[in-house]
Protein chains: 2
Amino acid sequence: MTHFRKSPICSNCNDCNRRSPLFSLLNDEELEAINKDRFEVQYRAGEMIFKQGSASSHVMMLTSGLAKIYLETNSRNLILKLIKPIQMFGGPGLFLDNRNYYSAAAIEDSTVCFIGQENFRQAVRSNPDFAEKFIEHINRSAIFTFGRFTDLTQKQMPGRVADALLYLSKEIYQAPRFSISLSRQELADMTSLSKESFIRILKDFKEEGIIVLNGDDISIEKMSALEKISQVG
Amino acid sequence: MTHFRKSPICSNCNDCNRRSPLFSLLNDEELEAINKDRFEVQYRAGEMIFKQGSASSHVMMLTSGLAKIYLETNSRNLILKLIKPIQMFGGPGLFLDNRNYYSAAAIEDSTVCFIGQENFRQAVRSNPDFAEKFIEHINRSAIFTFGRFTDLTQKQMPGRVADALLYLSKEIYQAPRFSISLSRQELADMTSLSKESFIRILKDFKEEGIIVLNGDDISIEKMSALEKISQVG
DNA sequence: AGAACTTATTGATTTATGTCAATTGCAAAG
DNA sequence: CTTTGCAATTGACATAAATCAATAAGTTCT
């Protein structure tokens, strides 16, 4: 009997199995070992999940809500990606020095499932399919980062704002119309722009009829125009 | 009897064993499988090794020379990192869609050893230590990329030029004095600056006595000043 | 050595983007 | 319903960095 509640969405690891291509490769025994140790923590919007530089002892799955993965620098934060259910995060320091190389924070109220590193590691060792799939996952992350890399270093403001909107629409909310739960500052942090600049471009898009904007409600009216802007940079 | 020559530095995989922490974990059998299939290709300075978007069928080791890994975009190239002997490259598309997500080209005359993907994959599957070490390697790359990411998006010109010089001095040439084999354009591509801007900052450093510059010969006179500039950004 | 190229350097100018400051809008607390 | 505080917006201005154009310095070829 514990006072830590498990989220309704994740009563046991079979839920993750159904939703994550990675865990479905585990056999009963491996799964049970992970399931036995795992625990969940609930975060309020805005709360930090872990901080860059701190010790990293678990692999994490976001089971509800929305979180941001971001790099902290002298001056500002740079949001690398958003995490939605059910996605894994917390990886890079694993198998290395067990430290976090980025920070994570909840954007909406969120639930995170913590999987013991040892169990995870054991699964990698004992299950080659799992190991391959995990490598695939890491590589996919690396490729995603490359994309961000070129986008942020080579495109100018309109292209980057378009990228952010397309990312939110296609990857996160999966709809042309959505109510955004990120602040303007966070949107700017996604694009490595100042919030003022981000707002200005957003206003331009609105005036050009590419989007309809009402506070936090955004509707993309001319998807192809936005894609064009993203491509041109 | 083949007309493809093997490089003197890499007569067989034991050389890589001695030099790469990764391959030393393989047993004789795994090593022999890899050794049997591997082949080497020699590149002249400037030649491309593979191109972003093309099919990726091998893991590669640079056994001699110097190469650049770079992302190609509409407008310019962005050098992600340099590869020197003996380092592995060519990874991200493996275990995924077997395509290259960046380009590679020789900066100096170079030799590349190609390791069949299937053999490599088999080693990952059969040898958990190797798998772990490989994951460690990928994670290290990811972390390196994060560093580049923040450097290029957050620092301004002097900080980025300082980063490039420090990287060349500490990681690549491992000396405070070196003769650079990259063109000014390539140096600019490392920092995501125009070549004119890079040259101007280099000139500033020279005038401030931080470096002595003579064509392609660079001597870092005030290492700590350069580190300071790098940190401040 | 000179011609034809390419690469590096420098200067003048334009442009993109950040910063600072003021105002507005909105939500929580009394 | 007002007050208080914070986020969003807008405008004016400053500055970092790119671009364009001209010259200089090397390279390669003959």
# chains A, B, ... in the order shown; residues from 1 in each chain; ligands from 1

$ select_by_dssp --residues "stretch 12-114 of chain B" --states "strand (DSSP E or B)" --output "mmCIF file with all heavy atoms, in the first residue's frame"
data_model
loop_
_atom_site.group_PDB
_atom_site.id
_atom_site.type_symbol
_atom_site.label_atom_id
_atom_site.label_comp_id
_atom_site.auth_asym_id
_atom_site.auth_seq_id
_atom_site.Cartn_x
_atom_site.Cartn_y
_atom_site.Cartn_z
ATOM 1 N N PHE B 39 36.686 -3.379 -46.185
ATOM 2 C CA PHE B 39 37.568 -2.926 -47.260
ATOM 3 C C PHE B 39 37.871 -1.449 -47.061
ATOM 4 O O PHE B 39 37.157 -0.750 -46.342
ATOM 5 C CB PHE B 39 36.940 -3.164 -48.634
ATOM 6 C CG PHE B 39 35.627 -2.472 -48.828
ATOM 7 C CD1 PHE B 39 35.569 -1.187 -49.353
ATOM 8 C CD2 PHE B 39 34.436 -3.104 -48.478
ATOM 9 C CE1 PHE B 39 34.359 -0.541 -49.530
ATOM 10 C CE2 PHE B 39 33.212 -2.456 -48.648
ATOM 11 C CZ PHE B 39 33.173 -1.178 -49.175
ATOM 12 N N GLU B 40 38.953 -1.023 -47.707
ATOM 13 C CA GLU B 40 39.369 0.362 -47.531
ATOM 14 C C GLU B 40 39.337 1.124 -48.835
ATOM 15 O O GLU B 40 39.535 0.557 -49.903
ATOM 16 C CB GLU B 40 40.783 0.412 -46.959
ATOM 17 C CG GLU B 40 40.828 0.078 -45.487
ATOM 18 C CD GLU B 40 42.254 0.110 -44.970
ATOM 19 O OE1 GLU B 40 42.948 -0.903 -45.089
ATOM 20 O OE2 GLU B 40 42.639 1.171 -44.464
ATOM 21 N N VAL B 41 39.090 2.408 -48.719
ATOM 22 C CA VAL B 41 39.096 3.281 -49.891
ATOM 23 C C VAL B 41 39.907 4.512 -49.542
ATOM 24 O O VAL B 41 39.834 5.006 -48.421
ATOM 25 C CB VAL B 41 37.660 3.691 -50.284
ATOM 26 C CG1 VAL B 41 37.683 4.619 -51.505
ATOM 27 C CG2 VAL B 41 36.816 2.465 -50.590
ATOM 28 N N GLN B 42 40.675 4.967 -50.526
ATOM 29 C CA GLN B 42 41.482 6.155 -50.282
ATOM 30 C C GLN B 42 40.889 7.351 -51.000
ATOM 31 O O GLN B 42 40.431 7.241 -52.142
ATOM 32 C CB GLN B 42 42.915 5.920 -50.749
ATOM 33 C CG GLN B 42 43.466 4.651 -50.094
ATOM 34 C CD GLN B 42 44.958 4.622 -50.035
ATOM 35 O OE1 GLN B 42 45.607 4.364 -51.034
ATOM 36 N NE2 GLN B 42 45.477 4.874 -48.840
ATOM 37 N N TYR B 43 40.875 8.460 -50.313
ATOM 38 C CA TYR B 43 40.290 9.689 -50.849
ATOM 39 C C TYR B 43 41.326 10.789 -50.905
ATOM 40 O O TYR B 43 42.147 10.910 -50.001
ATOM 41 C CB TYR B 43 39.118 10.144 -49.968
ATOM 42 C CG TYR B 43 37.961 9.172 -49.959
ATOM 43 C CD1 TYR B 43 37.906 8.130 -49.032
ATOM 44 C CD2 TYR B 43 36.927 9.291 -50.883
ATOM 45 C CE1 TYR B 43 36.842 7.236 -49.029
ATOM 46 C CE2 TYR B 43 35.870 8.397 -50.879
ATOM 47 C CZ TYR B 43 35.841 7.369 -49.955
ATOM 48 O OH TYR B 43 34.801 6.483 -49.960
ATOM 49 N N MET B 48 34.429 13.823 -51.794
ATOM 50 C CA MET B 48 33.318 13.455 -50.931
ATOM 51 C C MET B 48 33.364 11.958 -50.621
ATOM 52 O O MET B 48 33.678 11.148 -51.498
ATOM 53 C CB MET B 48 32.019 13.811 -51.636
ATOM 54 C CG MET B 48 30.802 13.479 -50.821
ATOM 55 S SD MET B 48 29.306 14.193 -51.522
ATOM 56 C CE MET B 48 29.417 15.874 -50.924
ATOM 57 N N ILE B 49 33.059 11.604 -49.410
ATOM 58 C CA ILE B 49 33.039 10.197 -49.014
ATOM 59 C C ILE B 49 31.627 9.640 -49.156
ATOM 60 O O ILE B 49 31.419 8.576 -49.710
ATOM 61 C CB ILE B 49 33.571 10.028 -47.577
ATOM 62 C CG1 ILE B 49 35.019 10.534 -47.505
ATOM 63 C CG2 ILE B 49 33.491 8.568 -47.129
ATOM 64 C CD1 ILE B 49 35.581 10.650 -46.094
ATOM 65 N N PHE B 50 30.674 10.366 -48.672
ATOM 66 C CA PHE B 50 29.274 10.038 -48.985
ATOM 67 C C PHE B 50 28.428 11.283 -48.831
ATOM 68 O O PHE B 50 28.827 12.238 -48.173
ATOM 69 C CB PHE B 50 28.728 8.900 -48.116
ATOM 70 C CG PHE B 50 28.799 9.155 -46.635
ATOM 71 C CD1 PHE B 50 27.835 9.920 -45.997
ATOM 72 C CD2 PHE B 50 29.821 8.601 -45.879
ATOM 73 C CE1 PHE B 50 27.903 10.152 -44.629
ATOM 74 C CE2 PHE B 50 29.898 8.823 -44.511
ATOM 75 C CZ PHE B 50 28.928 9.598 -43.886
ATOM 76 N N ALA B 55 22.238 6.252 -49.886
ATOM 77 C CA ALA B 55 22.111 5.012 -49.121
ATOM 78 C C ALA B 55 23.347 4.778 -48.259
ATOM 79 O O ALA B 55 24.472 5.072 -48.665
ATOM 80 C CB ALA B 55 21.912 3.838 -50.063
ATOM 81 N N HIS B 58 27.287 0.881 -44.704
ATOM 82 C CA HIS B 58 28.437 0.493 -43.903
ATOM 83 C C HIS B 58 28.659 1.434 -42.738
ATOM 84 O O HIS B 58 28.296 2.608 -42.795
ATOM 85 C CB HIS B 58 29.707 0.481 -44.771
ATOM 86 C CG HIS B 58 29.710 -0.580 -45.817
ATOM 87 N ND1 HIS B 58 28.965 -0.472 -46.964
ATOM 88 C CD2 HIS B 58 30.352 -1.775 -45.884
ATOM 89 C CE1 HIS B 58 29.151 -1.563 -47.700
ATOM 90 N NE2 HIS B 58 29.989 -2.367 -47.072
ATOM 91 N N VAL B 59 29.294 0.885 -41.719
ATOM 92 C CA VAL B 59 29.865 1.731 -40.686
ATOM 93 C C VAL B 59 31.280 2.047 -41.146
ATOM 94 O O VAL B 59 31.931 1.195 -41.738
ATOM 95 C CB VAL B 59 29.913 0.991 -39.337
ATOM 96 C CG1 VAL B 59 30.593 1.835 -38.278
ATOM 97 C CG2 VAL B 59 28.504 0.616 -38.907
ATOM 98 N N MET B 60 31.738 3.247 -40.900
ATOM 99 C CA MET B 60 33.056 3.627 -41.401
ATOM 100 C C MET B 60 34.016 4.018 -40.292
ATOM 101 O O MET B 60 33.607 4.570 -39.274
ATOM 102 C CB MET B 60 32.904 4.793 -42.376
ATOM 103 C CG MET B 60 32.377 4.349 -43.732
ATOM 104 S SD MET B 60 31.432 5.648 -44.545
ATOM 105 C CE MET B 60 29.803 5.285 -43.912
ATOM 106 N N MET B 61 35.284 3.706 -40.523
ATOM 107 C CA MET B 61 36.341 4.156 -39.623
ATOM 108 C C MET B 61 37.322 4.952 -40.454
ATOM 109 O O MET B 61 37.747 4.497 -41.525
ATOM 110 C CB MET B 61 37.095 2.953 -39.035
ATOM 111 C CG MET B 61 36.243 1.920 -38.328
ATOM 112 S SD MET B 61 35.611 2.469 -36.740
ATOM 113 C CE MET B 61 37.113 2.476 -35.756
ATOM 114 N N LEU B 62 37.690 6.112 -39.983
ATOM 115 C CA LEU B 62 38.755 6.855 -40.659
ATOM 116 C C LEU B 62 40.077 6.312 -40.136
ATOM 117 O O LEU B 62 40.364 6.381 -38.944
ATOM 118 C CB LEU B 62 38.642 8.352 -40.375
ATOM 119 C CG LEU B 62 39.567 9.203 -41.245
ATOM 120 C CD1 LEU B 62 38.946 9.371 -42.637
ATOM 121 C CD2 LEU B 62 39.825 10.567 -40.626
ATOM 122 N N THR B 63 40.874 5.772 -41.045
ATOM 123 C CA THR B 63 42.142 5.177 -40.595
ATOM 124 C C THR B 63 43.338 6.059 -40.883
ATOM 125 O O THR B 63 44.400 5.864 -40.316
ATOM 126 C CB THR B 63 42.348 3.780 -41.226
ATOM 127 O OG1 THR B 63 42.203 3.875 -42.644
ATOM 128 C CG2 THR B 63 41.322 2.804 -40.683
ATOM 129 N N SER B 64 43.180 7.034 -41.775
ATOM 130 C CA SER B 64 44.241 8.036 -41.942
ATOM 131 C C SER B 64 43.640 9.295 -42.521
ATOM 132 O O SER B 64 42.597 9.257 -43.178
ATOM 133 C CB SER B 64 45.361 7.513 -42.849
ATOM 134 O OG SER B 64 44.968 7.569 -44.211
ATOM 135 N N ALA B 67 38.741 14.197 -41.963
ATOM 136 C CA ALA B 67 37.496 14.330 -42.716
ATOM 137 C C ALA B 67 36.531 15.251 -42.000
ATOM 138 O O ALA B 67 36.663 15.502 -40.801
ATOM 139 C CB ALA B 67 36.854 12.957 -42.930
ATOM 140 N N LYS B 68 35.573 15.758 -42.757
ATOM 141 C CA LYS B 68 34.533 16.586 -42.147
ATOM 142 C C LYS B 68 33.176 15.922 -42.306
ATOM 143 O O LYS B 68 32.893 15.302 -43.328
ATOM 144 C CB LYS B 68 34.504 17.992 -42.758
ATOM 145 C CG LYS B 68 34.204 18.029 -44.256
ATOM 146 C CD LYS B 68 34.141 19.460 -44.795
ATOM 147 C CE LYS B 68 33.974 19.463 -46.306
ATOM 148 N NZ LYS B 68 33.954 20.828 -46.888
ATOM 149 N N ILE B 69 32.377 16.056 -41.265
ATOM 150 C CA ILE B 69 30.983 15.610 -41.282
ATOM 151 C C ILE B 69 30.156 16.878 -41.333
ATOM 152 O O ILE B 69 30.292 17.738 -40.467
ATOM 153 C CB ILE B 69 30.652 14.860 -39.969
ATOM 154 C CG1 ILE B 69 31.537 13.638 -39.801
ATOM 155 C CG2 ILE B 69 29.177 14.506 -39.893
ATOM 156 C CD1 ILE B 69 31.295 12.565 -40.792
ATOM 157 N N TYR B 70 29.323 17.012 -42.351
ATOM 158 C CA TYR B 70 28.593 18.279 -42.465
ATOM 159 C C TYR B 70 27.170 18.105 -42.956
ATOM 160 O O TYR B 70 26.836 17.146 -43.639
ATOM 161 C CB TYR B 70 29.366 19.253 -43.362
ATOM 162 C CG TYR B 70 29.592 18.780 -44.785
ATOM 163 C CD1 TYR B 70 28.847 19.305 -45.825
ATOM 164 C CD2 TYR B 70 30.558 17.832 -45.080
ATOM 165 C CE1 TYR B 70 29.053 18.904 -47.135
ATOM 166 C CE2 TYR B 70 30.768 17.409 -46.382
ATOM 167 C CZ TYR B 70 30.018 17.945 -47.405
ATOM 168 O OH TYR B 70 30.225 17.524 -48.687
ATOM 169 N N LEU B 71 26.356 19.044 -42.537
ATOM 170 C CA LEU B 71 24.958 19.059 -42.938
ATOM 171 C C LEU B 71 24.812 20.008 -44.120
ATOM 172 O O LEU B 71 25.322 21.120 -44.088
ATOM 173 C CB LEU B 71 24.079 19.554 -41.776
ATOM 174 C CG LEU B 71 24.137 18.704 -40.500
ATOM 175 C CD1 LEU B 71 23.491 19.445 -39.323
ATOM 176 C CD2 LEU B 71 23.434 17.373 -40.718
ATOM 177 N N GLU B 72 24.120 19.544 -45.154
ATOM 178 C CA GLU B 72 23.911 20.390 -46.320
ATOM 179 C C GLU B 72 22.535 21.038 -46.256
ATOM 180 O O GLU B 72 21.551 20.380 -45.955
ATOM 181 C CB GLU B 72 24.027 19.561 -47.606
ATOM 182 C CG GLU B 72 25.395 18.936 -47.784
ATOM 183 C CD GLU B 72 25.587 18.373 -49.185
ATOM 184 O OE1 GLU B 72 25.183 19.024 -50.163
ATOM 185 O OE2 GLU B 72 26.156 17.268 -49.299
ATOM 186 N N ASN B 77 26.816 24.958 -46.150
ATOM 187 C CA ASN B 77 27.154 23.743 -45.422
ATOM 188 C C ASN B 77 27.460 24.088 -43.982
ATOM 189 O O ASN B 77 28.005 25.144 -43.688
ATOM 190 C CB ASN B 77 28.376 23.080 -46.041
ATOM 191 C CG ASN B 77 28.094 22.552 -47.427
ATOM 192 O OD1 ASN B 77 26.943 22.256 -47.765
ATOM 193 N ND2 ASN B 77 29.118 22.452 -48.245
ATOM 194 N N LEU B 78 27.120 23.159 -43.111
ATOM 195 C CA LEU B 78 27.375 23.365 -41.702
ATOM 196 C C LEU B 78 28.198 22.180 -41.210
ATOM 197 O O LEU B 78 27.704 21.051 -41.178
ATOM 198 C CB LEU B 78 26.039 23.424 -40.959
ATOM 199 C CG LEU B 78 26.091 23.687 -39.480
ATOM 200 C CD1 LEU B 78 26.779 25.005 -39.190
ATOM 201 C CD2 LEU B 78 24.685 23.703 -38.927
ATOM 202 N N ILE B 79 29.440 22.434 -40.869
ATOM 203 C CA ILE B 79 30.290 21.340 -40.413
ATOM 204 C C ILE B 79 29.968 21.000 -38.969
ATOM 205 O O ILE B 79 30.088 21.840 -38.080
ATOM 206 C CB ILE B 79 31.784 21.694 -40.559
ATOM 207 C CG1 ILE B 79 32.125 21.873 -42.039
ATOM 208 C CG2 ILE B 79 32.650 20.598 -39.938
ATOM 209 C CD1 ILE B 79 33.581 22.206 -42.313
ATOM 210 N N LEU B 80 29.550 19.762 -38.770
ATOM 211 C CA LEU B 80 29.126 19.311 -37.452
ATOM 212 C C LEU B 80 30.336 18.933 -36.612
ATOM 213 O O LEU B 80 30.437 19.292 -35.452
ATOM 214 C CB LEU B 80 28.230 18.088 -37.642
ATOM 215 C CG LEU B 80 27.316 17.678 -36.522
ATOM 216 C CD1 LEU B 80 26.379 18.797 -36.141
ATOM 217 C CD2 LEU B 80 26.535 16.447 -36.948
ATOM 218 N N LYS B 81 31.229 18.183 -37.232
ATOM 219 C CA LYS B 81 32.455 17.812 -36.525
ATOM 220 C C LYS B 81 33.507 17.342 -37.510
ATOM 221 O O LYS B 81 33.219 17.078 -38.674
ATOM 222 C CB LYS B 81 32.180 16.714 -35.508
ATOM 223 C CG LYS B 81 31.638 15.433 -36.110
ATOM 224 C CD LYS B 81 31.385 14.394 -35.033
ATOM 225 C CE LYS B 81 30.550 13.250 -35.570
ATOM 226 N NZ LYS B 81 30.208 12.259 -34.535
ATOM 227 N N LEU B 82 34.712 17.226 -37.014
ATOM 228 C CA LEU B 82 35.801 16.668 -37.813
ATOM 229 C C LEU B 82 36.079 15.271 -37.300
ATOM 230 O O LEU B 82 35.866 14.962 -36.126
ATOM 231 C CB LEU B 82 37.045 17.550 -37.682
ATOM 232 C CG LEU B 82 36.869 19.003 -38.118
ATOM 233 C CD1 LEU B 82 38.170 19.770 -37.949
ATOM 234 C CD2 LEU B 82 36.386 19.094 -39.565
ATOM 235 N N ILE B 83 36.541 14.432 -38.191
ATOM 236 C CA ILE B 83 36.864 13.050 -37.835
ATOM 237 C C ILE B 83 38.339 12.825 -38.095
ATOM 238 O O ILE B 83 38.841 13.159 -39.162
ATOM 239 C CB ILE B 83 36.057 12.074 -38.723
ATOM 240 C CG1 ILE B 83 34.559 12.292 -38.558
ATOM 241 C CG2 ILE B 83 36.443 10.628 -38.428
ATOM 242 C CD1 ILE B 83 33.980 11.727 -37.304
ATOM 243 N N GLN B 87 38.522 7.115 -35.757
ATOM 244 C CA GLN B 87 37.169 7.361 -35.267
ATOM 245 C C GLN B 87 36.137 6.791 -36.222
ATOM 246 O O GLN B 87 36.336 6.761 -37.420
ATOM 247 C CB GLN B 87 36.933 8.870 -35.096
ATOM 248 C CG GLN B 87 37.643 9.449 -33.888
ATOM 249 C CD GLN B 87 37.422 10.952 -33.742
ATOM 250 O OE1 GLN B 87 36.765 11.576 -34.563
ATOM 251 N NE2 GLN B 87 37.991 11.515 -32.682
ATOM 252 N N MET B 88 35.032 6.412 -35.618
ATOM 253 C CA MET B 88 33.942 5.821 -36.374
ATOM 254 C C MET B 88 33.002 6.925 -36.841
ATOM 255 O O MET B 88 32.824 7.916 -36.160
ATOM 256 C CB MET B 88 33.187 4.856 -35.470
ATOM 257 C CG MET B 88 32.126 4.058 -36.173
ATOM 258 S SD MET B 88 31.544 2.699 -35.129
ATOM 259 C CE MET B 88 30.892 3.603 -33.755
ATOM 260 N N PHE B 89 32.383 6.735 -37.977
ATOM 261 C CA PHE B 89 31.338 7.670 -38.408
ATOM 262 C C PHE B 89 30.356 6.970 -39.330
ATOM 263 O O PHE B 89 30.546 5.823 -39.696
ATOM 264 C CB PHE B 89 31.946 8.926 -39.053
ATOM 265 C CG PHE B 89 32.746 8.663 -40.307
ATOM 266 C CD1 PHE B 89 32.238 9.018 -41.543
ATOM 267 C CD2 PHE B 89 34.006 8.096 -40.248
ATOM 268 C CE1 PHE B 89 32.972 8.807 -42.707
ATOM 269 C CE2 PHE B 89 34.747 7.864 -41.401
ATOM 270 C CZ PHE B 89 34.218 8.226 -42.625
ATOM 271 N N ARG B 99 19.923 5.377 -44.559
ATOM 272 C CA ARG B 99 20.296 6.503 -45.396
ATOM 273 C C ARG B 99 21.245 7.396 -44.609
ATOM 274 O O ARG B 99 21.291 7.343 -43.380
ATOM 275 C CB ARG B 99 19.062 7.290 -45.810
ATOM 276 C CG ARG B 99 18.159 6.477 -46.721
ATOM 277 C CD ARG B 99 16.981 7.284 -47.175
ATOM 278 N NE ARG B 99 17.401 8.416 -48.011
ATOM 279 C CZ ARG B 99 16.589 9.434 -48.306
ATOM 280 N NH1 ARG B 99 15.363 9.450 -47.834
ATOM 281 N NH2 ARG B 99 17.017 10.427 -49.056
ATOM 282 N N SER B 103 26.591 14.591 -44.765
ATOM 283 C CA SER B 103 27.595 14.280 -45.776
ATOM 284 C C SER B 103 28.955 14.189 -45.120
ATOM 285 O O SER B 103 29.162 14.723 -44.028
ATOM 286 C CB SER B 103 27.629 15.370 -46.850
ATOM 287 O OG SER B 103 26.413 15.404 -47.549
ATOM 288 N N ALA B 104 29.867 13.489 -45.773
ATOM 289 C CA ALA B 104 31.234 13.409 -45.285
ATOM 290 C C ALA B 104 32.178 13.641 -46.452
ATOM 291 O O ALA B 104 31.913 13.182 -47.569
ATOM 292 C CB ALA B 104 31.510 12.052 -44.646
ATOM 293 N N ALA B 105 33.258 14.355 -46.197
ATOM 294 C CA ALA B 105 34.251 14.586 -47.240
ATOM 295 C C ALA B 105 35.637 14.613 -46.613
ATOM 296 O O ALA B 105 35.789 14.959 -45.438
ATOM 297 C CB ALA B 105 33.970 15.895 -47.973
ATOM 298 N N ALA B 106 36.614 14.233 -47.403
ATOM 299 C CA ALA B 106 37.997 14.258 -46.932
ATOM 300 C C ALA B 106 38.513 15.690 -46.952
ATOM 301 O O ALA B 106 38.296 16.422 -47.917
ATOM 302 C CB ALA B 106 38.870 13.372 -47.814
ATOM 303 N N SER B 110 42.846 10.890 -47.261
ATOM 304 C CA SER B 110 42.352 10.049 -46.172
ATOM 305 C C SER B 110 42.086 8.625 -46.606
ATOM 306 O O SER B 110 41.887 8.350 -47.791
ATOM 307 C CB SER B 110 41.043 10.633 -45.623
ATOM 308 O OG SER B 110 41.235 11.912 -45.083
ATOM 309 N N THR B 111 42.083 7.746 -45.634
ATOM 310 C CA THR B 111 41.716 6.359 -45.881
ATOM 311 C C THR B 111 40.538 6.004 -44.990
ATOM 312 O O THR B 111 40.532 6.331 -43.803
ATOM 313 C CB THR B 111 42.872 5.413 -45.538
ATOM 314 O OG1 THR B 111 44.074 5.937 -46.092
ATOM 315 C CG2 THR B 111 42.612 4.019 -46.103
ATOM 316 N N VAL B 112 39.572 5.356 -45.585
ATOM 317 C CA VAL B 112 38.378 4.980 -44.835
ATOM 318 C C VAL B 112 38.184 3.478 -44.917
ATOM 319 O O VAL B 112 38.265 2.881 -45.994
ATOM 320 C CB VAL B 112 37.129 5.686 -45.400
ATOM 321 C CG1 VAL B 112 35.872 5.226 -44.669
ATOM 322 C CG2 VAL B 112 37.282 7.189 -45.312
ATOM 323 N N CYS B 113 37.953 2.880 -43.759
ATOM 324 C CA CYS B 113 37.673 1.448 -43.703
ATOM 325 C C CYS B 113 36.168 1.242 -43.598
ATOM 326 O O CYS B 113 35.517 1.823 -42.734
ATOM 327 C CB CYS B 113 38.382 0.853 -42.488
ATOM 328 S SG CYS B 113 38.021 -0.891 -42.230
ATOM 329 N N PHE B 114 35.621 0.454 -44.501
ATOM 330 C CA PHE B 114 34.179 0.206 -44.533
ATOM 331 C C PHE B 114 33.853 -1.135 -43.894
ATOM 332 O O PHE B 114 34.376 -2.171 -44.322
ATOM 333 C CB PHE B 114 33.678 0.215 -45.978
ATOM 334 C CG PHE B 114 33.663 1.580 -46.603
ATOM 335 C CD1 PHE B 114 34.838 2.146 -47.079
ATOM 336 C CD2 PHE B 114 32.489 2.305 -46.708
ATOM 337 C CE1 PHE B 114 34.834 3.415 -47.653
ATOM 338 C CE2 PHE B 114 32.469 3.564 -47.288
ATOM 339 C CZ PHE B 114 33.642 4.122 -47.758
#

$ closest_atom_pairs --of "chain A" --to "chain C" --cutoff "10 Å" --atoms "only C-alpha atoms (C1' of nucleotides)" --output "tab-separated table"
residue	atom	partner	partner_atom	distance
A:Gln156	CA	C:DA16	C1'	8.0
A:Met157	CA	C:DT17	C1'	8.4
A:Leu193	CA	C:DT17	C1'	8.3
A:Ser194	CA	C:DG18	C1'	6.9
A:Lys195	CA	C:DG18	C1'	10.0
A:Glu196	CA	C:DG18	C1'	8.9
A:Ser197	CA	C:DT17	C1'	7.5

$ interface_residues --of "chain A" --to "chain D" --cutoff "10 Å" --atoms "only C-alpha atoms (C1' of nucleotides)" --output "VMD selection string"
chain A and resid 183 to 185 195 to 196 199 to 200 203 215

$ interface_residues --of "chain A" --to "chain B" --cutoff "6 Å" --atoms "only C-alpha atoms" --output "VMD selection string"
chain A and resid 92 95 to 96 125 128 136 139

$ write_last_selection --atoms "all heavy atoms" --output "short mmCIF file (atom, residue, chain, number, x, y, z; two decimals), in the first residue's frame"
data_model
loop_
_atom_site.label_atom_id
_atom_site.label_comp_id
_atom_site.auth_asym_id
_atom_site.auth_seq_id
_atom_site.Cartn_x
_atom_site.Cartn_y
_atom_site.Cartn_z
N PRO A 92 20.38 10.60 -23.00
CA PRO A 92 21.77 10.72 -23.40
C PRO A 92 22.82 10.35 -22.36
O PRO A 92 23.85 9.79 -22.70
CB PRO A 92 21.91 12.19 -23.79
CG PRO A 92 20.56 12.62 -24.15
CD PRO A 92 19.62 11.81 -23.33
N PHE A 95 24.27 5.01 -19.91
CA PHE A 95 25.38 4.24 -20.48
C PHE A 95 26.65 5.08 -20.53
O PHE A 95 27.63 4.69 -21.10
CB PHE A 95 25.06 3.72 -21.89
CG PHE A 95 23.94 2.73 -21.91
CD1 PHE A 95 22.62 3.15 -22.00
CD2 PHE A 95 24.20 1.37 -21.81
CE1 PHE A 95 21.58 2.23 -22.00
CE2 PHE A 95 23.17 0.46 -21.82
CZ PHE A 95 21.85 0.88 -21.91
N LEU A 96 26.57 6.25 -19.98
CA LEU A 96 27.74 7.12 -20.02
C LEU A 96 28.14 7.52 -18.61
O LEU A 96 28.71 6.74 -17.90
CB LEU A 96 27.41 8.38 -20.84
CG LEU A 96 28.04 8.50 -22.21
CD1 LEU A 96 27.56 9.76 -22.90
CD2 LEU A 96 29.56 8.54 -22.07
N ARG A 125 20.71 -5.66 -22.60
CA ARG A 125 21.72 -6.72 -22.66
C ARG A 125 21.13 -8.08 -23.03
O ARG A 125 21.75 -8.86 -23.76
CB ARG A 125 22.45 -6.83 -21.31
CG ARG A 125 23.30 -5.61 -20.96
CD ARG A 125 24.10 -5.88 -19.71
NE ARG A 125 25.08 -6.92 -19.91
CZ ARG A 125 26.31 -6.71 -20.36
NH1 ARG A 125 26.71 -5.47 -20.63
NH2 ARG A 125 27.15 -7.69 -20.54
N PRO A 128 18.34 -8.65 -27.77
CA PRO A 128 18.93 -7.97 -28.93
C PRO A 128 17.93 -7.16 -29.74
O PRO A 128 18.28 -6.09 -30.25
CB PRO A 128 19.49 -9.11 -29.78
CG PRO A 128 19.64 -10.24 -28.85
CD PRO A 128 18.56 -10.11 -27.82
N GLU A 136 17.81 2.32 -32.58
CA GLU A 136 17.01 3.01 -33.59
C GLU A 136 16.39 4.27 -33.02
O GLU A 136 16.40 5.34 -33.65
CB GLU A 136 15.92 2.04 -34.07
CG GLU A 136 15.11 2.55 -35.22
CD GLU A 136 13.98 1.58 -35.58
OE1 GLU A 136 14.27 0.36 -35.68
OE2 GLU A 136 12.84 2.02 -35.74
N ASN A 139 18.98 6.94 -32.57
CA ASN A 139 19.36 7.49 -33.87
C ASN A 139 18.29 8.42 -34.42
O ASN A 139 18.60 9.45 -35.01
CB ASN A 139 19.64 6.37 -34.86
CG ASN A 139 21.02 5.75 -34.64
OD1 ASN A 139 21.86 6.33 -33.97
ND2 ASN A 139 21.25 4.58 -35.20
#

$ atom_distance --atom1 "atom CA of B:Gly65" --atom2 "atom CA of B:Ala45"
8.7 Å

$ residues_around --residues "B:Cys16" --least-positions-apart "6" --cutoff "9 Å" --atoms "only C-alpha atoms (C1' of nucleotides)" --output "list of chain:residue names"
B:Cys10, B:Leu22, B:Phe23, B:Ser24, B:Met61, B:Thr63, B:Ile86
